[in-house]
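See structure below.
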Amino acid sequence: MDVKDAINIAKTYITEVFADEHVSNLGLEETEYDAGTGGWSVTVGFARPWNTPRTRAQEVLENLGAVSGLRRTFKVITIADDGTVISMKNRTTAEAAE
(Lines give C-alpha, C1' and ligand atoms only; values in the text may rest on other atoms or scores of the structure.)
Protein backbone atom coordinates (compact mmCIF):
# COMPACT_ATOMS: atom_id res chain seq x y z
CA MET A 1 0.00 0.00 0.00
CA ASP A 2 1.35 3.42 -0.87
CA VAL A 3 0.68 6.74 0.84
CA LYS A 4 -2.19 7.65 -1.51
CA ASP A 5 -3.98 4.41 -0.64
CA ALA A 6 -3.48 5.06 3.09
CA ILE A 7 -4.84 8.60 2.78
CA ASN A 8 -7.89 7.38 0.89
CA ILE A 9 -8.56 4.66 3.48
CA ALA A 10 -8.26 7.17 6.35
CA LYS A 11 -10.58 9.73 4.74
CA THR A 12 -13.14 7.07 3.84
CA TYR A 13 -13.01 5.71 7.38
CA ILE A 14 -13.64 9.14 8.92
CA THR A 15 -16.47 9.84 6.47
CA GLU A 16 -18.17 6.55 7.32
CA VAL A 17 -17.61 6.55 11.09
CA PHE A 18 -18.77 10.16 11.52
CA ALA A 19 -21.51 10.04 8.85
CA ASP A 20 -24.28 10.97 11.29
CA GLU A 21 -22.27 13.99 12.49
CA HIS A 22 -22.04 15.55 9.01
CA VAL A 23 -18.35 16.44 9.15
CA SER A 24 -17.03 18.99 6.69
CA ASN A 25 -13.71 20.37 5.50
CA LEU A 26 -12.07 16.94 5.76
CA GLY A 27 -8.41 17.32 4.97
CA LEU A 28 -5.08 15.59 5.21
CA GLU A 29 -2.74 16.92 7.88
CA GLU A 30 0.18 14.48 7.86
CA THR A 31 1.30 10.93 7.17
CA GLU A 32 3.90 8.67 8.72
CA TYR A 33 5.10 5.31 7.42
CA ASP A 34 6.17 2.60 9.85
CA ALA A 35 8.89 0.58 8.09
CA GLY A 36 8.75 -2.07 10.81
CA THR A 37 5.11 -2.97 10.23
CA GLY A 38 4.56 -1.59 6.74
CA GLY A 39 1.60 0.37 8.07
CA TRP A 40 0.71 4.04 8.11
CA SER A 41 -0.42 6.68 10.58
CA VAL A 42 -2.53 9.27 8.80
CA THR A 43 -3.67 12.43 10.57
CA VAL A 44 -6.80 14.09 9.18
CA GLY A 45 -8.63 17.16 10.33
CA PHE A 46 -12.27 18.08 9.95
CA ALA A 47 -15.00 20.33 11.30
CA ARG A 48 -18.31 19.41 12.81
CA PRO A 49 -21.50 21.48 12.44
CA TRP A 50 -21.40 22.66 16.05
CA ASN A 51 -17.87 24.01 15.52
CA THR A 52 -18.88 26.50 12.80
CA PRO A 53 -20.23 30.05 13.18
CA ARG A 54 -23.94 30.21 13.88
CA THR A 55 -24.62 33.95 13.64
CA ARG A 56 -23.78 36.67 11.17
CA ALA A 57 -21.90 38.55 13.90
CA GLN A 58 -19.64 35.54 14.47
CA GLU A 59 -18.99 35.30 10.72
CA VAL A 60 -18.07 39.02 10.55
CA LEU A 61 -15.66 38.68 13.48
CA GLU A 62 -14.11 35.63 11.84
CA ASN A 63 -13.67 37.50 8.54
CA LEU A 64 -11.98 40.34 10.40
CA GLY A 65 -9.63 37.85 12.01
CA ALA A 66 -10.88 38.70 15.49
CA VAL A 67 -11.96 35.15 16.20
CA SER A 68 -11.66 31.81 14.53
CA GLY A 69 -15.14 30.37 14.11
CA LEU A 70 -14.07 27.08 12.60
CA ARG A 71 -12.54 24.70 15.07
CA ARG A 72 -11.09 21.49 13.74
CA THR A 73 -10.91 18.03 15.19
CA PHE A 74 -7.79 16.00 14.43
CA LYS A 75 -7.72 12.21 14.32
CA VAL A 76 -4.78 9.87 13.78
CA ILE A 77 -5.83 6.79 11.85
CA THR A 78 -3.45 3.81 12.07
CA ILE A 79 -3.65 1.50 9.06
CA ALA A 80 -2.05 -1.94 8.74
CA ASP A 81 -0.12 -2.87 5.61
CA ASP A 82 -3.16 -4.83 4.34
CA GLY A 83 -5.36 -1.71 4.49
CA THR A 84 -7.17 -2.59 7.70
CA VAL A 85 -7.82 0.31 10.07
CA ILE A 86 -6.22 -0.60 13.38
CA SER A 87 -7.08 2.44 15.47
CA MET A 88 -8.36 5.99 15.58
CA LYS A 89 -7.02 8.36 18.22
CA ASN A 90 -7.50 12.01 19.07
CA ARG A 91 -4.73 14.39 18.20
CA THR A 92 -4.77 17.59 20.18
CA THR A 93 -4.41 20.93 18.44
CA ALA A 94 -1.12 21.56 20.23
CA GLU A 95 0.29 18.29 18.90
CA ALA A 96 -0.97 19.04 15.40
CA ALA A 97 0.78 22.41 15.41
CA GLU A 98 4.18 20.85 16.08
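Lettering and numbering for the C-alpha coordinates are positional, with chains as A, B, ... in the shown order, residues counted from 1 in each chain, and ligands counted from 1 in the shown order.
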
Worksheet item: Which residues, written as a PyMOL selection string, have at least one atom at most 8 Å from Asn25 in chain A, with only C-alpha atoms counted and residues fewer than 5 positions away on the same chain left out?
Response: chain A and resi 45-47

If we count only C-alpha atoms, what is near range 3-17 of chain A at a cut-off of 9 Å, once residues fewer than 5 positions away on the same chain are taken out, given as a VMD selection string?
chain A and resid 22 to 23 26 to 28 31 to 33 39 to 44 75 to 79 81 83 to 85

Coordinates-based distance that separates CA of Ser24 in chain A from CA of Arg48 in chain A (Å, one decimal):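 Computing the Euclidean distance for CA of Arg48 in chain A and CA of Ser24 in chain A yields 6.3 Å.
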
- Task: Report the distance between CA of Thr92 in chain A and CA of Gly38 in chain A in Å, rounded to one decimal place.
- Result: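 CA of Gly38 in chain A lies at a distance of 25.2 Å from CA of Thr92 in chain A.
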
*Gap from CA of Thr37 in chain A to CA of Thr73 in chain A - Å, one decimal*: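 Going from CA of Thr37 in chain A over to CA of Thr73 in chain A covers 26.9 Å.
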